[in-house]
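With compact mmCIF, N, CA and C atoms inside, this is start.txt:
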```txt
# COMPACT_ATOMS: atom_id res chain seq x y z
N MET A 1 -9.85 -1.45 15.28
CA MET A 1 -9.72 -2.14 14.01
C MET A 1 -8.36 -1.79 13.40
N THR A 2 -7.62 -2.79 12.99
CA THR A 2 -6.31 -2.56 12.38
C THR A 2 -6.47 -2.12 10.93
N LEU A 3 -5.39 -1.60 10.37
CA LEU A 3 -5.40 -1.21 8.96
C LEU A 3 -5.72 -2.42 8.09
N LYS A 4 -5.15 -3.57 8.41
CA LYS A 4 -5.43 -4.78 7.62
C LYS A 4 -6.91 -5.11 7.67
N ASP A 5 -7.52 -4.99 8.84
CA ASP A 5 -8.95 -5.26 8.97
C ASP A 5 -9.76 -4.31 8.10
N GLU A 6 -9.39 -3.02 8.12
CA GLU A 6 -10.10 -2.03 7.31
C GLU A 6 -9.96 -2.33 5.82
N LEU A 7 -8.74 -2.67 5.40
CA LEU A 7 -8.51 -2.99 3.99
C LEU A 7 -9.27 -4.24 3.57
N ASP A 8 -9.28 -5.25 4.44
CA ASP A 8 -10.04 -6.47 4.15
C ASP A 8 -11.53 -6.17 4.02
N ALA A 9 -12.05 -5.31 4.88
CA ALA A 9 -13.47 -4.95 4.82
C ALA A 9 -13.79 -4.19 3.52
N ARG A 10 -12.91 -3.27 3.14
CA ARG A 10 -13.14 -2.52 1.88
C ARG A 10 -13.08 -3.46 0.68
N ARG A 11 -12.12 -4.39 0.71
CA ARG A 11 -12.01 -5.35 -0.39
C ARG A 11 -13.28 -6.20 -0.48
N ALA A 12 -13.77 -6.68 0.65
CA ALA A 12 -14.98 -7.50 0.67
C ALA A 12 -16.18 -6.72 0.13
N GLN A 13 -16.29 -5.45 0.52
CA GLN A 13 -17.39 -4.62 0.03
C GLN A 13 -17.27 -4.42 -1.49
N PHE A 14 -16.04 -4.16 -1.96
CA PHE A 14 -15.81 -3.99 -3.39
C PHE A 14 -16.21 -5.24 -4.15
N LEU A 15 -15.81 -6.39 -3.66
CA LEU A 15 -16.11 -7.64 -4.35
C LEU A 15 -17.61 -7.94 -4.37
N GLN A 16 -18.35 -7.44 -3.41
CA GLN A 16 -19.80 -7.66 -3.37
C GLN A 16 -20.57 -6.70 -4.27
N THR A 17 -20.02 -5.50 -4.49
CA THR A 17 -20.79 -4.47 -5.17
C THR A 17 -20.29 -4.07 -6.55
N ALA A 18 -19.05 -4.34 -6.85
CA ALA A 18 -18.47 -3.88 -8.13
C ALA A 18 -18.92 -4.75 -9.29
N PRO A 19 -18.98 -4.15 -10.49
CA PRO A 19 -19.26 -4.95 -11.68
C PRO A 19 -18.14 -5.95 -11.95
N LYS A 20 -18.48 -7.03 -12.61
CA LYS A 20 -17.51 -8.11 -12.87
C LYS A 20 -16.26 -7.59 -13.59
N GLU A 21 -16.41 -6.70 -14.55
CA GLU A 21 -15.23 -6.22 -15.29
C GLU A 21 -14.28 -5.43 -14.38
N LYS A 22 -14.81 -4.74 -13.39
CA LYS A 22 -13.96 -4.02 -12.43
C LYS A 22 -13.23 -5.02 -11.53
N ILE A 23 -13.94 -6.03 -11.09
CA ILE A 23 -13.32 -7.07 -10.24
C ILE A 23 -12.22 -7.79 -11.02
N ASP A 24 -12.49 -8.11 -12.29
CA ASP A 24 -11.50 -8.78 -13.11
C ASP A 24 -10.25 -7.91 -13.29
N GLY A 25 -10.44 -6.62 -13.52
CA GLY A 25 -9.31 -5.70 -13.66
C GLY A 25 -8.52 -5.59 -12.37
N TYR A 26 -9.22 -5.51 -11.26
CA TYR A 26 -8.58 -5.48 -9.95
C TYR A 26 -7.73 -6.74 -9.75
N GLN A 27 -8.29 -7.89 -10.04
CA GLN A 27 -7.57 -9.15 -9.84
C GLN A 27 -6.37 -9.25 -10.76
N ARG A 28 -6.49 -8.75 -12.00
CA ARG A 28 -5.34 -8.75 -12.91
C ARG A 28 -4.20 -7.92 -12.32
N GLY A 29 -4.54 -6.76 -11.75
CA GLY A 29 -3.52 -5.92 -11.13
C GLY A 29 -2.85 -6.61 -9.96
N VAL A 30 -3.64 -7.28 -9.12
CA VAL A 30 -3.10 -8.02 -7.98
C VAL A 30 -2.16 -9.11 -8.48
N ASP A 31 -2.59 -9.84 -9.49
CA ASP A 31 -1.78 -10.93 -10.04
C ASP A 31 -0.48 -10.41 -10.64
N GLU A 32 -0.54 -9.27 -11.35
CA GLU A 32 0.66 -8.70 -11.96
C GLU A 32 1.66 -8.26 -10.88
N LEU A 33 1.15 -7.65 -9.82
CA LEU A 33 2.04 -7.25 -8.74
C LEU A 33 2.69 -8.46 -8.07
N ALA A 34 1.91 -9.49 -7.84
CA ALA A 34 2.45 -10.70 -7.22
C ALA A 34 3.52 -11.32 -8.10
N ALA A 35 3.29 -11.36 -9.40
CA ALA A 35 4.25 -11.96 -10.33
C ALA A 35 5.51 -11.10 -10.50
N SER A 36 5.41 -9.81 -10.23
CA SER A 36 6.55 -8.92 -10.41
C SER A 36 7.64 -9.13 -9.37
N GLY A 37 7.30 -9.74 -8.24
CA GLY A 37 8.27 -9.96 -7.19
C GLY A 37 8.53 -8.73 -6.33
N VAL A 38 7.70 -7.70 -6.46
CA VAL A 38 7.92 -6.46 -5.71
C VAL A 38 7.88 -6.70 -4.20
N ALA A 39 7.07 -7.60 -3.73
CA ALA A 39 6.98 -7.85 -2.29
C ALA A 39 8.28 -8.42 -1.74
N ALA A 40 8.97 -9.22 -2.53
CA ALA A 40 10.24 -9.81 -2.09
C ALA A 40 11.33 -8.75 -1.97
N ARG A 41 11.20 -7.64 -2.72
CA ARG A 41 12.21 -6.58 -2.68
C ARG A 41 11.86 -5.49 -1.68
N ALA A 42 10.68 -5.54 -1.10
CA ALA A 42 10.25 -4.51 -0.16
C ALA A 42 10.93 -4.69 1.19
N VAL A 43 11.01 -3.60 1.93
CA VAL A 43 11.54 -3.67 3.29
C VAL A 43 10.61 -4.57 4.11
N GLN A 44 11.20 -5.51 4.80
CA GLN A 44 10.42 -6.46 5.57
C GLN A 44 10.32 -6.01 7.03
N ASP A 45 9.39 -6.57 7.74
CA ASP A 45 9.18 -6.27 9.14
C ASP A 45 10.48 -6.48 9.91
N GLY A 46 10.89 -5.46 10.66
CA GLY A 46 12.11 -5.54 11.45
C GLY A 46 13.35 -5.00 10.75
N GLU A 47 13.30 -4.78 9.43
CA GLU A 47 14.44 -4.22 8.71
C GLU A 47 14.41 -2.69 8.80
N GLN A 48 15.58 -2.08 8.62
CA GLN A 48 15.67 -0.63 8.64
C GLN A 48 15.27 -0.07 7.28
N ALA A 49 14.42 0.94 7.30
CA ALA A 49 13.99 1.59 6.06
C ALA A 49 15.14 2.43 5.50
N PRO A 50 15.28 2.49 4.19
CA PRO A 50 16.30 3.36 3.61
C PRO A 50 15.90 4.82 3.82
N ASP A 51 16.88 5.70 3.89
CA ASP A 51 16.58 7.12 4.03
C ASP A 51 15.96 7.63 2.73
N PHE A 52 14.95 8.47 2.85
CA PHE A 52 14.32 9.06 1.67
C PHE A 52 13.79 10.44 2.04
N ALA A 53 13.46 11.22 1.03
CA ALA A 53 12.92 12.56 1.24
C ALA A 53 11.70 12.74 0.37
N LEU A 54 10.69 13.38 0.93
CA LEU A 54 9.45 13.67 0.21
C LEU A 54 8.96 15.05 0.61
N PRO A 55 8.21 15.71 -0.28
CA PRO A 55 7.64 17.00 0.11
C PRO A 55 6.45 16.79 1.04
N ASN A 56 6.32 17.70 2.03
CA ASN A 56 5.17 17.64 2.92
C ASN A 56 4.02 18.44 2.32
N ALA A 57 2.94 18.62 3.05
CA ALA A 57 1.76 19.32 2.54
C ALA A 57 2.05 20.77 2.19
N LYS A 58 3.09 21.35 2.78
CA LYS A 58 3.45 22.74 2.49
C LYS A 58 4.51 22.85 1.41
N GLY A 59 4.96 21.72 0.88
CA GLY A 59 5.95 21.72 -0.18
C GLY A 59 7.39 21.65 0.30
N ALA A 60 7.61 21.67 1.61
CA ALA A 60 8.96 21.55 2.14
C ALA A 60 9.40 20.09 2.09
N VAL A 61 10.64 19.86 1.72
CA VAL A 61 11.17 18.50 1.64
C VAL A 61 11.52 18.01 3.05
N VAL A 62 11.05 16.84 3.38
CA VAL A 62 11.27 16.23 4.69
C VAL A 62 11.99 14.90 4.50
N LYS A 63 13.10 14.73 5.23
CA LYS A 63 13.87 13.48 5.15
C LYS A 63 13.52 12.60 6.33
N LEU A 64 13.45 11.31 6.06
CA LEU A 64 13.19 10.34 7.12
C LEU A 64 14.24 10.44 8.21
N SER A 65 15.50 10.54 7.84
CA SER A 65 16.57 10.61 8.84
C SER A 65 16.42 11.82 9.74
N ALA A 66 15.96 12.94 9.22
CA ALA A 66 15.76 14.15 10.03
C ALA A 66 14.62 13.93 11.03
N LEU A 67 13.55 13.28 10.58
CA LEU A 67 12.43 13.00 11.49
C LEU A 67 12.86 12.05 12.59
N LEU A 68 13.62 11.03 12.25
CA LEU A 68 14.08 10.06 13.24
C LEU A 68 15.04 10.71 14.24
N ALA A 69 15.84 11.64 13.78
CA ALA A 69 16.79 12.33 14.67
C ALA A 69 16.06 13.17 15.71
N ARG A 70 14.88 13.67 15.33
CA ARG A 70 14.10 14.49 16.27
C ARG A 70 13.34 13.62 17.27
N GLY A 71 13.19 12.36 16.94
CA GLY A 71 12.48 11.45 17.83
C GLY A 71 11.03 11.51 17.55
```
Translate this structure into structure tokens?
Amino acid sequence: MTLKDELDARRAQFLQTAPKEKIDGYQRGVDELAASGVAARAVQDGEQAPDFALPNAKGAVVKLSALLARG
């Protein structure tokens, strides 16, 4: 099962079981994100990701470029 399949299944379960006000809030969030244009600014399939650094579980900062250099 792909990640998309899992997310679709969770969304379907949520829509079947959640109260209407939760579903409405969820849909408002989806609509706001779509209207913001964030997807158009995101890295697209096949593009190179920008270098970034984040802390790992132990608190050490890990850079994408360092991970890629190690293979």
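Counting only N, CA and C atoms, Asp51 of chain A has the following residues at most 8 Å away, ignoring those fewer than 6 positions along the same chain: Lys63, Leu64, Ser65 and Ala66 of chain A.
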### Query
Interatomic distance between atom C of Thr2 of chain A and atom C of Ala69 of chain A?
27.6 Å
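You can rank A:Leu68, A:Pro50, A:Val62, A:Arg11 by their closest distance to Gln27 of chain A using only C-alpha atoms, and at the top of that list sits A:Arg11.
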Among chain A, which residues does DSSP mark as helix (DSSP H, G or I) when it is run on the backbone? Keep the chain and numbering as in the structure and answer as a PDB file with N, CA and C atoms, keeping the file's coordinate frame.
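What landed in selection08.pdb:
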```pdb
ATOM      1  N   LEU A   3      -5.390  -1.600  10.370  1.00  0.00           N
ATOM      2  CA  LEU A   3      -5.400  -1.210   8.960  1.00  0.00           C
ATOM      3  C   LEU A   3      -5.720  -2.420   8.090  1.00  0.00           C
ATOM      4  N   LYS A   4      -5.150  -3.570   8.410  1.00  0.00           N
ATOM      5  CA  LYS A   4      -5.430  -4.780   7.620  1.00  0.00           C
ATOM      6  C   LYS A   4      -6.910  -5.110   7.670  1.00  0.00           C
ATOM      7  N   ASP A   5      -7.520  -4.990   8.840  1.00  0.00           N
ATOM      8  CA  ASP A   5      -8.950  -5.260   8.970  1.00  0.00           C
ATOM      9  C   ASP A   5      -9.760  -4.310   8.100  1.00  0.00           C
ATOM     10  N   GLU A   6      -9.390  -3.020   8.120  1.00  0.00           N
ATOM     11  CA  GLU A   6     -10.100  -2.030   7.310  1.00  0.00           C
ATOM     12  C   GLU A   6      -9.960  -2.330   5.820  1.00  0.00           C
ATOM     13  N   LEU A   7      -8.740  -2.670   5.400  1.00  0.00           N
ATOM     14  CA  LEU A   7      -8.510  -2.990   3.990  1.00  0.00           C
ATOM     15  C   LEU A   7      -9.270  -4.240   3.570  1.00  0.00           C
ATOM     16  N   ASP A   8      -9.280  -5.250   4.440  1.00  0.00           N
ATOM     17  CA  ASP A   8     -10.040  -6.470   4.150  1.00  0.00           C
ATOM     18  C   ASP A   8     -11.530  -6.170   4.020  1.00  0.00           C
ATOM     19  N   ALA A   9     -12.050  -5.310   4.880  1.00  0.00           N
ATOM     20  CA  ALA A   9     -13.470  -4.950   4.820  1.00  0.00           C
ATOM     21  C   ALA A   9     -13.790  -4.190   3.520  1.00  0.00           C
ATOM     22  N   ARG A  10     -12.910  -3.270   3.140  1.00  0.00           N
ATOM     23  CA  ARG A  10     -13.140  -2.520   1.880  1.00  0.00           C
ATOM     24  C   ARG A  10     -13.080  -3.460   0.680  1.00  0.00           C
ATOM     25  N   ARG A  11     -12.120  -4.390   0.710  1.00  0.00           N
ATOM     26  CA  ARG A  11     -12.010  -5.350  -0.390  1.00  0.00           C
ATOM     27  C   ARG A  11     -13.280  -6.200  -0.480  1.00  0.00           C
ATOM     28  N   ALA A  12     -13.770  -6.680   0.650  1.00  0.00           N
ATOM     29  CA  ALA A  12     -14.980  -7.500   0.670  1.00  0.00           C
ATOM     30  C   ALA A  12     -16.180  -6.720   0.130  1.00  0.00           C
ATOM     31  N   GLN A  13     -16.290  -5.450   0.520  1.00  0.00           N
ATOM     32  CA  GLN A  13     -17.390  -4.620   0.030  1.00  0.00           C
ATOM     33  C   GLN A  13     -17.270  -4.420  -1.490  1.00  0.00           C
ATOM     34  N   PHE A  14     -16.040  -4.160  -1.960  1.00  0.00           N
ATOM     35  CA  PHE A  14     -15.810  -3.990  -3.390  1.00  0.00           C
ATOM     36  C   PHE A  14     -16.210  -5.240  -4.150  1.00  0.00           C
ATOM     37  N   LEU A  15     -15.810  -6.390  -3.660  1.00  0.00           N
ATOM     38  CA  LEU A  15     -16.110  -7.640  -4.350  1.00  0.00           C
ATOM     39  C   LEU A  15     -17.610  -7.940  -4.370  1.00  0.00           C
ATOM     40  N   GLN A  16     -18.350  -7.440  -3.410  1.00  0.00           N
ATOM     41  CA  GLN A  16     -19.800  -7.660  -3.370  1.00  0.00           C
ATOM     42  C   GLN A  16     -20.570  -6.700  -4.270  1.00  0.00           C
ATOM     43  N   THR A  17     -20.020  -5.500  -4.490  1.00  0.00           N
ATOM     44  CA  THR A  17     -20.790  -4.470  -5.170  1.00  0.00           C
ATOM     45  C   THR A  17     -20.290  -4.070  -6.550  1.00  0.00           C
ATOM     46  N   LYS A  20     -18.480  -7.030 -12.610  1.00  0.00           N
ATOM     47  CA  LYS A  20     -17.510  -8.110 -12.870  1.00  0.00           C
ATOM     48  C   LYS A  20     -16.260  -7.590 -13.590  1.00  0.00           C
ATOM     49  N   GLU A  21     -16.410  -6.700 -14.550  1.00  0.00           N
ATOM     50  CA  GLU A  21     -15.230  -6.220 -15.290  1.00  0.00           C
ATOM     51  C   GLU A  21     -14.280  -5.430 -14.380  1.00  0.00           C
ATOM     52  N   LYS A  22     -14.810  -4.740 -13.390  1.00  0.00           N
ATOM     53  CA  LYS A  22     -13.960  -4.020 -12.430  1.00  0.00           C
ATOM     54  C   LYS A  22     -13.230  -5.020 -11.530  1.00  0.00           C
ATOM     55  N   ILE A  23     -13.940  -6.030 -11.090  1.00  0.00           N
ATOM     56  CA  ILE A  23     -13.320  -7.070 -10.240  1.00  0.00           C
ATOM     57  C   ILE A  23     -12.220  -7.790 -11.020  1.00  0.00           C
ATOM     58  N   ASP A  24     -12.490  -8.110 -12.290  1.00  0.00           N
ATOM     59  CA  ASP A  24     -11.500  -8.780 -13.110  1.00  0.00           C
ATOM     60  C   ASP A  24     -10.250  -7.910 -13.290  1.00  0.00           C
ATOM     61  N   GLY A  25     -10.440  -6.620 -13.520  1.00  0.00           N
ATOM     62  CA  GLY A  25      -9.310  -5.700 -13.660  1.00  0.00           C
ATOM     63  C   GLY A  25      -8.520  -5.590 -12.370  1.00  0.00           C
ATOM     64  N   TYR A  26      -9.220  -5.510 -11.260  1.00  0.00           N
ATOM     65  CA  TYR A  26      -8.580  -5.480  -9.950  1.00  0.00           C
ATOM     66  C   TYR A  26      -7.730  -6.740  -9.750  1.00  0.00           C
ATOM     67  N   GLN A  27      -8.290  -7.890 -10.040  1.00  0.00           N
ATOM     68  CA  GLN A  27      -7.570  -9.150  -9.840  1.00  0.00           C
ATOM     69  C   GLN A  27      -6.370  -9.250 -10.760  1.00  0.00           C
ATOM     70  N   ARG A  28      -6.490  -8.750 -12.000  1.00  0.00           N
ATOM     71  CA  ARG A  28      -5.340  -8.750 -12.910  1.00  0.00           C
ATOM     72  C   ARG A  28      -4.200  -7.920 -12.320  1.00  0.00           C
ATOM     73  N   GLY A  29      -4.540  -6.760 -11.750  1.00  0.00           N
ATOM     74  CA  GLY A  29      -3.520  -5.920 -11.130  1.00  0.00           C
ATOM     75  C   GLY A  29      -2.850  -6.610  -9.960  1.00  0.00           C
ATOM     76  N   VAL A  30      -3.640  -7.280  -9.120  1.00  0.00           N
ATOM     77  CA  VAL A  30      -3.100  -8.020  -7.980  1.00  0.00           C
ATOM     78  C   VAL A  30      -2.160  -9.110  -8.480  1.00  0.00           C
ATOM     79  N   ASP A  31      -2.590  -9.840  -9.490  1.00  0.00           N
ATOM     80  CA  ASP A  31      -1.780 -10.930 -10.040  1.00  0.00           C
ATOM     81  C   ASP A  31      -0.480 -10.410 -10.640  1.00  0.00           C
ATOM     82  N   GLU A  32      -0.540  -9.270 -11.350  1.00  0.00           N
ATOM     83  CA  GLU A  32       0.660  -8.700 -11.960  1.00  0.00           C
ATOM     84  C   GLU A  32       1.660  -8.260 -10.880  1.00  0.00           C
ATOM     85  N   LEU A  33       1.150  -7.650  -9.820  1.00  0.00           N
ATOM     86  CA  LEU A  33       2.040  -7.250  -8.740  1.00  0.00           C
ATOM     87  C   LEU A  33       2.690  -8.460  -8.070  1.00  0.00           C
ATOM     88  N   ALA A  34       1.910  -9.490  -7.840  1.00  0.00           N
ATOM     89  CA  ALA A  34       2.450 -10.700  -7.220  1.00  0.00           C
ATOM     90  C   ALA A  34       3.520 -11.320  -8.100  1.00  0.00           C
ATOM     91  N   ALA A  35       3.290 -11.360  -9.400  1.00  0.00           N
ATOM     92  CA  ALA A  35       4.250 -11.960 -10.330  1.00  0.00           C
ATOM     93  C   ALA A  35       5.510 -11.100 -10.500  1.00  0.00           C
ATOM     94  N   SER A  36       5.410  -9.810 -10.230  1.00  0.00           N
ATOM     95  CA  SER A  36       6.550  -8.920 -10.410  1.00  0.00           C
ATOM     96  C   SER A  36       7.640  -9.130  -9.370  1.00  0.00           C
ATOM     97  N   VAL A  38       7.700  -7.700  -6.460  1.00  0.00           N
ATOM     98  CA  VAL A  38       7.920  -6.460  -5.710  1.00  0.00           C
ATOM     99  C   VAL A  38       7.880  -6.700  -4.200  1.00  0.00           C
ATOM    100  N   ALA A  39       7.070  -7.600  -3.730  1.00  0.00           N
ATOM    101  CA  ALA A  39       6.980  -7.850  -2.290  1.00  0.00           C
ATOM    102  C   ALA A  39       8.280  -8.420  -1.740  1.00  0.00           C
ATOM    103  N   ALA A  40       8.970  -9.220  -2.530  1.00  0.00           N
ATOM    104  CA  ALA A  40      10.240  -9.810  -2.090  1.00  0.00           C
ATOM    105  C   ALA A  40      11.330  -8.750  -1.970  1.00  0.00           C
ATOM    106  N   ARG A  41      11.200  -7.640  -2.720  1.00  0.00           N
ATOM    107  CA  ARG A  41      12.210  -6.580  -2.680  1.00  0.00           C
ATOM    108  C   ARG A  41      11.860  -5.490  -1.680  1.00  0.00           C
ATOM    109  N   LEU A  64      13.450  11.310   6.060  1.00  0.00           N
ATOM    110  CA  LEU A  64      13.190  10.340   7.120  1.00  0.00           C
ATOM    111  C   LEU A  64      14.240  10.440   8.210  1.00  0.00           C
ATOM    112  N   SER A  65      15.500  10.540   7.840  1.00  0.00           N
ATOM    113  CA  SER A  65      16.570  10.610   8.840  1.00  0.00           C
ATOM    114  C   SER A  65      16.420  11.820   9.740  1.00  0.00           C
ATOM    115  N   ALA A  66      15.960  12.940   9.220  1.00  0.00           N
ATOM    116  CA  ALA A  66      15.760  14.150  10.030  1.00  0.00           C
ATOM    117  C   ALA A  66      14.620  13.930  11.030  1.00  0.00           C
ATOM    118  N   LEU A  67      13.550  13.280  10.580  1.00  0.00           N
ATOM    119  CA  LEU A  67      12.430  13.000  11.490  1.00  0.00           C
ATOM    120  C   LEU A  67      12.860  12.050  12.590  1.00  0.00           C
ATOM    121  N   LEU A  68      13.620  11.030  12.250  1.00  0.00           N
ATOM    122  CA  LEU A  68      14.080  10.060  13.240  1.00  0.00           C
ATOM    123  C   LEU A  68      15.040  10.710  14.240  1.00  0.00           C
ATOM    124  N   ALA A  69      15.840  11.640  13.780  1.00  0.00           N
ATOM    125  CA  ALA A  69      16.790  12.330  14.670  1.00  0.00           C
ATOM    126  C   ALA A  69      16.060  13.170  15.710  1.00  0.00           C
ATOM    127  N   ARG A  70      14.880  13.670  15.330  1.00  0.00           N
ATOM    128  CA  ARG A  70      14.100  14.490  16.270  1.00  0.00           C
ATOM    129  C   ARG A  70      13.340  13.620  17.270  1.00  0.00           C
TER     130      ARG A  70
END
```
### Task
Per DSSP on the backbone, filter chain A down to the residues in strand (DSSP E) and report them as a list in words.
Ala53, Leu54, Pro55, Val61, Val62 and Lys63 of chain A
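Here atom CA of Ala39 of chain A is placed at a distance of 23.2 Å from atom CA of Leu15 of chain A.
Going from atom CA of Gln16 of chain A over to atom CA of Gly29 of chain A, you cover 18.1 Å.
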Any chance you could build segment 5-22 of chain A out to N, CA, C and O atoms and write it as a compact mmCIF listing (two decimals), in the coordinates of the input?
```
# COMPACT_ATOMS: atom_id res chain seq x y z
N ASP A 5 -7.52 -4.99 8.84
CA ASP A 5 -8.95 -5.26 8.97
C ASP A 5 -9.76 -4.31 8.10
O ASP A 5 -10.71 -4.72 7.43
N GLU A 6 -9.39 -3.02 8.12
CA GLU A 6 -10.10 -2.03 7.31
C GLU A 6 -9.96 -2.33 5.82
O GLU A 6 -10.93 -2.26 5.06
N LEU A 7 -8.74 -2.67 5.40
CA LEU A 7 -8.51 -2.99 3.99
C LEU A 7 -9.27 -4.24 3.57
O LEU A 7 -9.85 -4.30 2.48
N ASP A 8 -9.28 -5.25 4.44
CA ASP A 8 -10.04 -6.47 4.15
C ASP A 8 -11.53 -6.17 4.02
O ASP A 8 -12.20 -6.71 3.13
N ALA A 9 -12.05 -5.31 4.88
CA ALA A 9 -13.47 -4.95 4.82
C ALA A 9 -13.79 -4.19 3.52
O ALA A 9 -14.81 -4.45 2.88
N ARG A 10 -12.91 -3.27 3.14
CA ARG A 10 -13.14 -2.52 1.88
C ARG A 10 -13.08 -3.46 0.68
O ARG A 10 -13.87 -3.33 -0.25
N ARG A 11 -12.12 -4.39 0.71
CA ARG A 11 -12.01 -5.35 -0.39
C ARG A 11 -13.28 -6.20 -0.48
O ARG A 11 -13.82 -6.42 -1.57
N ALA A 12 -13.77 -6.68 0.65
CA ALA A 12 -14.98 -7.50 0.67
C ALA A 12 -16.18 -6.72 0.13
O ALA A 12 -16.97 -7.25 -0.66
N GLN A 13 -16.29 -5.45 0.52
CA GLN A 13 -17.39 -4.62 0.03
C GLN A 13 -17.27 -4.42 -1.49
O GLN A 13 -18.25 -4.51 -2.22
N PHE A 14 -16.04 -4.16 -1.96
CA PHE A 14 -15.81 -3.99 -3.39
C PHE A 14 -16.21 -5.24 -4.15
O PHE A 14 -16.91 -5.16 -5.17
N LEU A 15 -15.81 -6.39 -3.66
CA LEU A 15 -16.11 -7.64 -4.35
C LEU A 15 -17.61 -7.94 -4.37
O LEU A 15 -18.10 -8.61 -5.29
N GLN A 16 -18.35 -7.44 -3.41
CA GLN A 16 -19.80 -7.66 -3.37
C GLN A 16 -20.57 -6.70 -4.27
O GLN A 16 -21.65 -7.04 -4.75
N THR A 17 -20.02 -5.50 -4.49
CA THR A 17 -20.79 -4.47 -5.17
C THR A 17 -20.29 -4.07 -6.55
O THR A 17 -21.05 -3.51 -7.33
N ALA A 18 -19.05 -4.34 -6.85
CA ALA A 18 -18.47 -3.88 -8.13
C ALA A 18 -18.92 -4.75 -9.29
O ALA A 18 -19.16 -5.95 -9.13
N PRO A 19 -18.98 -4.15 -10.49
CA PRO A 19 -19.26 -4.95 -11.68
C PRO A 19 -18.14 -5.95 -11.95
O PRO A 19 -16.98 -5.72 -11.58
N LYS A 20 -18.48 -7.03 -12.61
CA LYS A 20 -17.51 -8.11 -12.87
C LYS A 20 -16.26 -7.59 -13.59
O LYS A 20 -15.15 -8.01 -13.25
N GLU A 21 -16.41 -6.70 -14.55
CA GLU A 21 -15.23 -6.22 -15.29
C GLU A 21 -14.28 -5.43 -14.38
O GLU A 21 -13.07 -5.47 -14.55
N LYS A 22 -14.81 -4.74 -13.39
CA LYS A 22 -13.96 -4.02 -12.43
C LYS A 22 -13.23 -5.02 -11.53
O LYS A 22 -12.04 -4.86 -11.25
```
